[in-house]
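Engineer: My structure is in start_13.cif, and what it holds is mmCIF, C-alpha atoms:
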```cif
data_protein
loop_
_atom_site.label_atom_id
_atom_site.label_comp_id
_atom_site.auth_asym_id
_atom_site.auth_seq_id
_atom_site.Cartn_x
_atom_site.Cartn_y
_atom_site.Cartn_z
CA MET A 1 -21.11 167.55 179.79
CA LYS A 2 -21.77 164.37 181.74
CA TRP A 3 -19.98 161.24 180.55
CA ARG A 4 -22.22 158.47 179.22
CA PRO A 5 -20.66 155.04 178.56
CA THR A 6 -21.67 153.01 175.54
CA ARG A 7 -21.99 149.22 175.55
CA ALA A 8 -19.07 149.06 173.14
CA ALA A 9 -16.92 151.19 175.46
CA ILE A 10 -17.69 148.99 178.46
CA ALA A 11 -16.90 145.84 176.49
CA ALA A 12 -13.67 147.30 175.11
CA ALA A 13 -12.47 148.39 178.55
CA ALA A 14 -13.31 145.03 180.10
CA ALA A 15 -11.53 143.17 177.29
CA LEU A 16 -8.47 145.40 177.67
CA LEU A 17 -8.29 144.59 181.37
CA VAL A 18 -8.62 140.86 180.89
CA LEU A 19 -5.85 140.84 178.29
CA SER A 20 -3.53 142.97 180.42
CA ALA A 21 -4.25 141.31 183.77
CA THR A 22 -1.15 140.37 185.72
CA GLY A 23 -0.54 139.17 189.26
CA PRO A 24 -2.65 136.94 191.48
CA ALA A 25 -4.75 139.71 193.02
CA TRP A 26 -5.90 141.06 189.68
CA GLY A 27 -6.27 137.70 187.95
CA GLU A 28 -8.37 136.21 190.71
CA ASN A 29 -10.74 139.15 190.87
CA ALA A 30 -11.18 139.14 187.08
CA THR A 31 -11.98 135.44 186.77
CA ALA A 32 -13.08 133.97 190.11
CA CYS A 33 -16.74 133.09 190.70
CA GLN A 34 -16.60 132.70 194.44
CA PRO A 35 -19.12 134.95 196.28
CA THR A 36 -17.74 138.43 196.85
CA PRO A 37 -17.00 138.79 200.57
CA PRO A 38 -19.44 141.15 202.31
CA GLN A 39 -18.06 144.07 204.32
CA THR A 40 -19.42 146.74 206.58
CA GLU A 41 -21.38 149.66 205.13
CA GLY A 42 -19.39 151.99 207.35
CA PRO A 43 -20.57 155.22 208.97
CA PHE A 44 -20.64 157.44 205.89
CA TYR A 45 -23.45 156.07 203.72
CA PRO A 46 -24.94 159.18 202.05
CA VAL A 47 -27.66 161.02 203.93
CA HIS A 48 -28.07 163.99 201.57
CA GLN A 49 -30.37 163.88 198.55
CA GLN A 50 -28.65 164.93 195.34
CA ASP A 51 -29.85 165.89 191.88
CA ASP A 52 -27.29 163.73 190.11
CA LYS A 53 -28.24 160.06 190.17
CA ASP A 54 -25.84 158.59 187.62
CA ASN A 55 -22.51 156.83 187.21
CA ASP A 56 -20.25 159.84 186.58
CA LEU A 57 -19.01 161.18 189.93
CA THR A 58 -16.46 163.54 188.40
CA LEU A 59 -18.88 166.29 187.37
CA VAL A 60 -21.70 167.70 189.49
CA LYS A 61 -24.80 169.00 187.74
CA GLY A 62 -24.57 172.76 187.30
CA HIS A 63 -20.81 172.89 187.97
CA ALA A 64 -18.36 173.80 185.23
CA LYS A 65 -15.32 172.51 187.10
CA PRO A 66 -14.65 168.74 187.33
CA ALA A 67 -13.68 166.98 190.55
CA THR A 68 -10.09 167.14 191.74
CA GLY A 69 -8.02 163.96 191.60
CA GLN A 70 -6.90 160.96 189.55
CA VAL A 71 -9.75 159.95 187.24
CA ILE A 72 -10.48 156.23 187.32
CA TYR A 73 -12.98 154.07 185.46
CA ILE A 74 -14.38 151.02 187.22
CA VAL A 75 -15.78 148.31 184.95
CA GLY A 76 -17.08 144.90 185.90
CA GLU A 77 -19.76 142.25 185.81
CA VAL A 78 -22.31 141.26 188.41
CA ARG A 79 -22.81 137.50 188.46
CA GLY A 80 -24.84 134.88 190.20
CA PRO A 81 -24.40 131.15 190.74
CA GLN A 82 -22.47 129.29 188.03
CA CYS A 83 -20.90 132.63 187.03
CA ARG A 84 -23.98 133.68 185.08
CA PRO A 85 -24.15 137.46 184.47
CA ILE A 86 -27.21 139.18 185.90
CA ALA A 87 -29.01 142.01 184.10
CA GLY A 88 -30.93 144.73 185.90
CA VAL A 89 -28.83 144.84 189.07
CA LEU A 90 -28.76 148.21 190.82
CA VAL A 91 -25.16 149.06 191.71
CA GLU A 92 -24.40 151.89 194.13
CA ILE A 93 -21.01 153.31 195.08
CA TRP A 94 -20.02 155.96 197.60
CA GLN A 95 -16.60 157.20 198.66
CA ALA A 96 -14.37 159.94 199.97
CA ALA A 97 -13.07 162.60 197.63
CA ALA A 98 -9.47 162.68 196.43
CA SER A 99 -8.70 164.62 199.63
CA GLY A 100 -9.92 161.74 201.81
CA ARG A 101 -13.10 163.47 203.03
CA TYR A 102 -16.71 162.30 202.69
CA ARG A 103 -19.77 164.46 202.17
CA HIS A 104 -21.31 163.39 205.44
CA PRO A 105 -22.09 165.28 208.66
CA ASP A 106 -20.29 162.66 210.77
CA ASP A 107 -16.98 162.95 208.92
CA ARG A 108 -14.72 164.82 211.35
CA ASN A 109 -11.62 164.69 209.16
CA MET A 110 -11.18 168.46 209.25
CA SER A 111 -7.60 168.22 207.99
CA ALA A 112 -8.97 167.20 204.57
CA SER A 113 -10.68 169.71 202.30
CA HIS A 114 -14.20 169.30 200.95
CA ASP A 115 -14.47 169.09 197.15
CA PRO A 116 -17.75 170.76 196.09
CA ASP A 117 -17.22 169.49 192.53
CA PHE A 118 -17.19 165.82 193.48
CA GLN A 119 -20.41 163.78 193.55
CA HIS A 120 -19.37 161.27 196.27
CA TRP A 121 -22.24 158.85 195.38
CA GLY A 122 -23.27 157.19 192.13
CA VAL A 123 -25.65 154.57 190.81
CA THR A 124 -26.09 152.50 187.67
CA VAL A 125 -27.89 149.36 186.45
CA THR A 126 -26.19 146.38 184.82
CA ASP A 127 -26.86 145.78 181.13
CA GLN A 128 -28.03 142.52 179.50
CA GLU A 129 -24.55 141.04 179.91
CA GLY A 130 -24.41 141.97 183.60
CA ARG A 131 -21.88 144.74 182.98
CA TYR A 132 -21.58 148.09 184.74
CA GLN A 133 -19.21 151.05 184.65
CA PHE A 134 -18.43 154.11 186.80
CA LYS A 135 -16.27 157.16 186.28
CA THR A 136 -14.88 158.60 189.50
CA VAL A 137 -11.64 159.68 191.19
CA LYS A 138 -9.33 157.65 193.37
CA PRO A 139 -9.99 158.48 197.03
CA SER A 140 -7.15 159.07 199.47
CA PRO A 141 -6.56 157.12 202.68
CA TYR A 142 -7.88 158.87 205.78
CA PRO A 143 -7.53 158.55 209.57
CA ALA A 144 -10.22 156.38 211.18
CA SER A 145 -8.70 156.93 214.63
CA PHE A 146 -5.40 158.02 216.15
CA PHE A 147 -3.98 154.50 215.60
CA TRP A 148 -5.73 153.44 212.38
CA THR A 149 -5.62 154.82 208.84
CA ARG A 150 -8.10 153.42 206.37
CA PRO A 151 -6.63 152.56 202.95
CA SER A 152 -8.03 154.01 199.77
CA HIS A 153 -11.34 152.25 199.11
CA ILE A 154 -14.75 152.57 197.46
CA HIS A 155 -17.98 151.25 198.95
CA PHE A 156 -20.36 149.12 196.86
CA LYS A 157 -23.94 148.01 197.42
CA VAL A 158 -25.79 145.83 194.89
CA TYR A 159 -29.51 145.03 194.80
CA ARG A 160 -31.55 142.64 192.69
CA LYS A 161 -34.90 140.97 193.35
CA GLY A 162 -34.32 137.34 194.19
CA PHE A 163 -30.84 137.95 195.64
CA PRO A 164 -29.72 139.19 199.06
CA THR A 165 -28.38 142.74 199.11
CA LEU A 166 -24.59 142.68 199.03
CA THR A 167 -22.49 145.43 200.59
CA THR A 168 -18.72 145.36 200.15
CA GLN A 169 -15.65 147.54 199.59
CA MET A 170 -13.08 147.69 196.79
CA TYR A 171 -9.38 148.35 197.50
CA PHE A 172 -6.32 149.19 195.42
CA ALA A 173 -3.25 146.97 195.14
CA GLY A 174 -0.09 148.45 196.60
CA ASP A 175 -1.82 150.65 199.17
CA PRO A 176 0.58 150.89 202.14
CA TYR A 177 -2.30 150.81 204.65
CA LEU A 178 -4.13 147.82 203.19
CA GLU A 179 -2.58 144.86 204.98
CA LYS A 180 -3.01 146.46 208.42
CA ASP A 181 -6.58 147.66 207.82
CA LEU A 182 -8.90 146.29 210.52
CA ILE A 183 -11.85 145.89 208.12
CA PHE A 184 -9.85 144.30 205.31
CA ARG A 185 -8.27 141.85 207.77
CA ARG A 186 -11.73 140.54 208.76
CA ILE A 187 -12.01 138.98 205.30
CA PRO A 188 -10.72 135.40 205.21
CA GLU A 189 -7.26 135.56 203.66
CA PRO A 190 -8.06 133.38 200.59
CA ALA A 191 -10.94 135.73 199.67
CA ARG A 192 -9.04 139.02 200.01
CA PRO A 193 -7.83 139.16 196.38
CA GLN A 194 -11.49 139.32 195.27
CA VAL A 195 -11.81 142.87 196.60
CA VAL A 196 -8.42 144.22 195.49
CA VAL A 197 -7.91 145.73 192.02
CA GLN A 198 -4.95 147.04 190.06
CA LEU A 199 -5.16 150.26 188.10
CA LYS A 200 -4.31 149.86 184.42
CA PRO A 201 -3.79 152.21 181.45
CA PRO A 202 -7.02 153.54 179.91
CA ALA A 203 -8.90 152.34 176.86
CA ARG A 204 -8.61 154.45 173.72
CA ASP A 205 -11.85 156.39 174.26
CA MET A 206 -10.85 157.47 177.81
CA GLU A 207 -8.72 160.40 178.93
CA PRO A 208 -5.03 159.60 178.32
CA ASP A 209 -4.11 160.23 181.97
CA ALA A 210 -7.04 158.22 183.40
CA LYS A 211 -6.74 154.74 184.89
CA VAL A 212 -9.12 151.79 184.66
CA CYS A 213 -9.76 148.75 186.83
CA ARG A 214 -12.06 145.76 186.74
CA PHE A 215 -14.14 144.78 189.78
CA ASP A 216 -16.43 141.79 189.30
CA ILE A 217 -19.10 141.14 191.92
CA THR A 218 -20.63 137.72 192.59
CA PHE A 219 -23.74 137.13 194.68
#
```
Show me, as structure tokens, the structure contained in the file I just sent.
Structural biologist:
Amino acid sequence: MKWRPTRAAIAAAAALLVLSATGPAWGENATACQPTPPQTEGPFYPVHQQDDKDNDLTLVKGHAKPATGQVIYIVGEVRGPQCRPIAGVLVEIWQAAASGRYRHPDDRNMSASHDPDFQHWGVTVTDQEGRYQFKTVKPSPYPASFFWTRPSHIHFKVYRKGFPTLTTQMYFAGDPYLEKDLIFRRIPEPARPQVVVQLKPPARDMEPDAKVCRFDITF
């Protein structure tokens, strides 16, 4: 059965993360209201239509088996000027599977296996408090070239009438490839903590071995 978050669950997870936040990278992302730095869409934006258009990427419609990998929940707020939350924002994510491979014809990473039980792309709409939530798996780093390995990351695109479309990427603290990543290094150094999250223990209504992170987005 597909997972469906409740407003109470989103609020509880977000509150848990605020209370447990530690370290400058996490604290700044959770509280800062500076505009989220834009980043490249990359070459693997989905080109295939899919039946599932929801925020649970861990279970594909018609499949009994869940996706392989570390389950993570991403919670956050989308905000505008003066830190005001924005309702009705369309939030898209897309990413590699836990193996490090995308569902895209241009992904030539043949050393990584394809996971037919992973959705790769998801979408949701922010609630009245500007909040959103996704359930997915943590992607692996993958080779972008013979000299460059991309760190684990998830692509985001947010749309709302009256605001410019924002495309960015979310990274994970402690990734050994992060500081040398050519795309991450294009972000001005003071703004880099805004796109880096730390994985935390789950809320009570989540799987005990899952992780949760907070990623706030500001137009």
Engineer: Would you write out, as a Markdown table, a table of all residues in segment 55-151 of chain A that have an atom no more than 8 Å from an atom of segment 172-181 of chain A, listing for each the closest atom pair and the distance in Å to one decimal, considering only C-alpha atoms and ordering rows by chain and rising residue number?
Structural biologist:
```
| residue | atom | partner | partner_atom | distance |
| --- | --- | --- | --- | --- |
| A:Pro141 | CA | A:Tyr177 | CA | 7.9 |
| A:Trp148 | CA | A:Asp181 | CA | 7.4 |
| A:Thr149 | CA | A:Tyr177 | CA | 6.7 |
| A:Arg150 | CA | A:Asp181 | CA | 6.1 |
| A:Pro151 | CA | A:Tyr177 | CA | 5.0 |
```
Engineer: Measuring between only C-alpha atoms, which one of A:Phe134, A:Tyr171, A:Trp121, A:Tyr73 shows the shortest distance to Arg103 of chain A?
Structural biologist: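 Distance minimum relative to Arg103 of chain A lands on A:Trp121.
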Engineer: Return the single residue from A:Gln198, A:Met110, A:Ala67, A:Gln95 that is closest to Gln169 of chain A, with distances computed using all atoms listed in the file.
Structural biologist: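 For Gln169 of chain A, the nearest of the given residues is A:Gln95.
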Engineer: Written as a list in words, which residues does the PyMOL selection byres ((chain A and resi 202) around 10) give for the file shown?
Structural biologist: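 When the PyMOL selection byres ((chain A and resi 202) around 10) is applied, the selected residues are Ala13, Leu16, Leu17, Ile72, Tyr73, Leu199, Lys200, Pro201, Ala203, Arg204, Asp205, Met206, Glu207, Pro208, Asp209, Ala210, Lys211, Val212 and Cys213 of chain A.
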Engineer: What is the distance between atom CA of Val123 of chain A and atom CA of Val71 of chain A, in Å to one decimal?
Structural biologist: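 Answer for the atom CA of Val123 of chain A to atom CA of Val71 of chain A separation: 17.2 Å.
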Engineer: Please identify all polymer residues within 8 Å of Pro35 of chain A, counting all atoms listed in the file, omitting same-chain residues fewer than 6 positions from it, and present them as a PyMOL selection string.
Structural biologist: chain A and resi 217-219
Engineer: I need the residue set behind the PyMOL selection byres ((chain A and resi 59-65) around 7) for this file; please write it as JSON, numbers by chain.
Structural biologist: {"A": [2, 52, 56, 57, 58, 66, 67, 117, 118, 119]}
Engineer: What does the distance from atom CA of Arg79 of chain A to atom CA of Thr165 of chain A come to in Å, to one decimal?
Structural biologist: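 Atom CA of Arg79 of chain A sits 13.1 Å away from atom CA of Thr165 of chain A.
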Engineer: Written as a ChimeraX atom specification, which residues does the PyMOL selection byres ((chain A and resi 167) around 10) give for the file shown?
Structural biologist: /A:36-42,91-93,155-159,164-166,168-169
Engineer: For a test of reading the model, state the distance in Å between atom CA of Arg160 of chain A and atom CA of Trp94 of chain A, rounded to one decimal.
Structural biologist: 18.3 Å
Engineer: Could you please give me, as an MDAnalysis selection string, the residues of protein, DNA or RNA lying at most 10 Å from (-24.1, 138.2, 187.8) in the coordinate frame of the file, considering all atoms listed in the file?
Structural biologist: chainID A and resid 33 76:89 126 129:131 160 216:219
Engineer: Restricting the calculation to all atoms listed in the file: of A:Lys161, A:Asp115, A:Gln70, A:Gln194, which residue gets closest to Pro139 of chain A?
Structural biologist: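 Of A:Lys161, A:Asp115, A:Gln70, A:Gln194, the one nearest Pro139 of chain A is A:Gln70, counting all atoms listed in the file.
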